[in-house]
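Structure first, commentary second.
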Amino acid sequence: MPPKGSRKLSTIAPKHTLVLDNGAYTLKAGLVPAASTDLSYDSCTVIPNCIARSTRDKCTYVASELIHCKDFGELAFRRPVEKGFIVNWEAEKAIWEHEFVESTAGEGLMCDPKETNLLLTEKPNCPKELQKNCDEIVFEQFEFAAYHRSVGATFCAYTSADGSSLSSLPQECLLIIDTSYSDATILPIYSGQLIQSAVRRLNIGGKLLTNYLKELSSLRHYNMMEETYLLNEIKEAVSFVTSSKEQFSRDLERTWKGRLGDKRDLDTSIVVDYVLPDYEGSIHGYARPHDPVKSRMRRGLQPQQGPREDLLPVGNERFAVPELLFNPSDIGIQEAGLPEAIVQALGTLPEALKLAFLSNIVVVGGNSLIPGFMERLESELRMLVPDNYLLGIARADDPIKHTWLGAARFASQPDLLKHVLVSKAEYDENGSTWLAKKFAATAGR
């Protein structure tokens, strides 16, 4: 480290900021010019946060290159983020370089780190050693001009649920429900500051749901344990959340085949056939109504008619998998469901704050796009809070990009940004321990 005072601090501020919502499943990124006023969801680029290796064509795909893959069968993924935290910087550094620094960068994303600010989001309760590693990579490997790291949900306070309004002042009380790839997190934000004591985390996310669907499909039909990409596609295409626990039980009955010697007809309004891709004539599969004749042909109980198709019948898996968000105990996870976890989080707060948070709930994250999710969450939450409490709950217009948009609008306001950014010269002079204290002190802005 240079002697204190040996380097003059830079006074020339970069003209743009790379805003990066570094999720476990995807990166949400965009370059934001200073004082920009026309930011929207369209300003954000979504990039797979992974390095994939195909065992069939022997090709390796880095991040956005995945769209060029023609055979997703038995694709092996290397993801640098686990449980919401960056744990593999070798892979993450390769992805960042590929997407933002090298000639392979996407349109509007290429930048020179030495002339660019970085605004990076993170999950709450990140271990200090991982934060230290992150800070060192940003300043010592990439050499960004200036940098700020903060919990992503806090930036949501600077934009409305529909992404339309922009404010230099954060919303006073905002409850963010982030149901993402790694987990589901309840985050109360007061005047742009995270109330740490009321944060709750549910270890059920998109990754666990996909793995559960892989297990069910492998047990009942084909061995699908190596088909992560395909099963994730199936989950996104056919999953839905039942309206209540009682409806869940009724739907289970309607999709039960019956005991041996007492076979039943399946309810075709629920059961679907998913036509699997062959990766020759088709890259992606699709769902269609269940056909009992095709099912018998698949099992060899009836002669094959027409072109051969590989079918995966999907019955109660459609609703049993996302049900884990509301009843984790279905697979032995001893945790409260999402509605109960929200009530537990707010139960630690004064009554006045509890009322304010319940009236302004915004849901983000990919799992909120599952049909029926919002209706089930609202109905169960309504049953858990007193009738005289106002319950205002909404899903962001784009729950994938919403956190990025809030961070981008924060970054577009120089008066806000200058109070939280730390320059590389300041880091070189004061070191990583000082930087950690600086970010902790400005966490509430």
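How things are named: the first chain in the structure tokens is A, the next is B, and so on; residues count from 1 in each chain; ligands count from 1 in the order shown.
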Residues within 8 Å of stretch 99-113 of chain A, please, as a ChimeraX atom specification. Count only C-alpha atoms; anything in the same chain fewer than 5 positions from it doesn't count. /A:29-31,63-64,142-145
Test item: residues at most 12 Å from A:Cys134, only C-alpha atoms, excluding those fewer than 2 positions along its chain, as a ChimeraX atom specification: /A:22,85-90,92-93,120-122,126-132,136-142,147-149,432,435-436
I'd like the neighbourhood of stretch 389-405 of chain A as a PyMOL selection string, where a residue qualifies if any of its atoms comes within 6 Å (using only C-alpha atoms), though same-chain residues fewer than 5 positions away should be ignored. chain A and resi 21+156+161-162+358-366
Of the listed residues A:Thr442, A:Leu346, A:Ala237, A:Asp183, that which approaches A:Leu416 most closely, counting only C-alpha atoms: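 Going through A:Thr442, A:Leu346, A:Ala237, A:Asp183 one by one, the smallest distance to A:Leu416 is for A:Thr442.
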When you look at stretch 377-386 of chain A with a cut-off of 9 Å (counting only C-alpha atoms), what residues show up, excluding the ones that are within fewer than 2 positions of it in the same chain? I need them as a list in words. Ser243, Ser244, Phe326, Leu338, Pro339, Glu340, Ile342, Val343, Gly372, Phe373, Met374, Glu375, Asn388, Tyr389, Leu390, Leu391, Gly392 and Ile393 of chain A
At a cut-off of 6 Å, using only C-alpha atoms, what residues contact stretch 310-320 of chain A? Leave out same-chain residues fewer than 3 positions from it and give the result as a list in words. Ser239, Phe240, Val241, Thr255, Val271, Val272, Asp273, Tyr274, Val275, Leu276 and Glu323 of chain A
Could the residues in this selection be written to a file with N, CA, C and O atoms, as a compact mmCIF listing (two decimals), in the first residue's frame?
```txt
# COMPACT_ATOMS: atom_id res chain seq x y z
N SER A 239 -45.59 -24.70 -14.48
CA SER A 239 -45.88 -24.61 -13.04
C SER A 239 -46.99 -23.60 -12.75
O SER A 239 -47.17 -22.62 -13.47
N PHE A 240 -47.73 -23.87 -11.69
CA PHE A 240 -48.69 -22.89 -11.17
C PHE A 240 -48.88 -23.14 -9.69
O PHE A 240 -48.60 -24.22 -9.17
N VAL A 241 -49.35 -22.11 -8.99
CA VAL A 241 -49.59 -22.21 -7.55
C VAL A 241 -51.09 -22.32 -7.33
O VAL A 241 -51.87 -21.53 -7.88
N THR A 255 -55.31 -35.61 -9.83
CA THR A 255 -54.19 -36.06 -10.66
C THR A 255 -53.64 -37.41 -10.20
O THR A 255 -52.59 -37.85 -10.68
N VAL A 271 -53.24 -32.21 -15.93
CA VAL A 271 -52.13 -32.99 -16.48
C VAL A 271 -51.84 -32.54 -17.91
O VAL A 271 -52.76 -32.38 -18.72
N VAL A 272 -50.57 -32.31 -18.21
CA VAL A 272 -50.16 -31.95 -19.57
C VAL A 272 -49.05 -32.89 -20.02
O VAL A 272 -48.37 -33.53 -19.20
N ASP A 273 -48.88 -33.00 -21.31
CA ASP A 273 -47.74 -33.71 -21.89
C ASP A 273 -46.72 -32.69 -22.36
O ASP A 273 -47.07 -31.79 -23.14
N TYR A 274 -45.50 -32.83 -21.89
CA TYR A 274 -44.44 -31.94 -22.36
C TYR A 274 -43.64 -32.68 -23.42
O TYR A 274 -43.06 -33.73 -23.16
N VAL A 275 -43.66 -32.14 -24.65
CA VAL A 275 -42.94 -32.76 -25.76
C VAL A 275 -41.47 -32.35 -25.64
O VAL A 275 -41.13 -31.17 -25.75
N LEU A 276 -40.62 -33.33 -25.40
CA LEU A 276 -39.20 -33.05 -25.17
C LEU A 276 -38.49 -32.74 -26.48
O LEU A 276 -38.80 -33.35 -27.52
N GLU A 323 -45.41 -25.27 -4.54
CA GLU A 323 -46.05 -25.28 -3.22
C GLU A 323 -45.01 -25.19 -2.11
O GLU A 323 -45.32 -24.75 -0.98
```
Within 9 Å of A:Leu230, counting only C-alpha atoms, which residues show up once you throw out same-chain ones fewer than 4 positions away? Write them as a ChimeraX atom specification, please. /A:72-74,224,234-235,276-277,284-285
Where in stretch 7-141 of chain A does DSSP assign strand (DSSP E), given as an MDAnalysis selection string? chainID A and resid 16:22 26:33 45:48 51:54 60:62 75:78 81:82 85:86 117:122
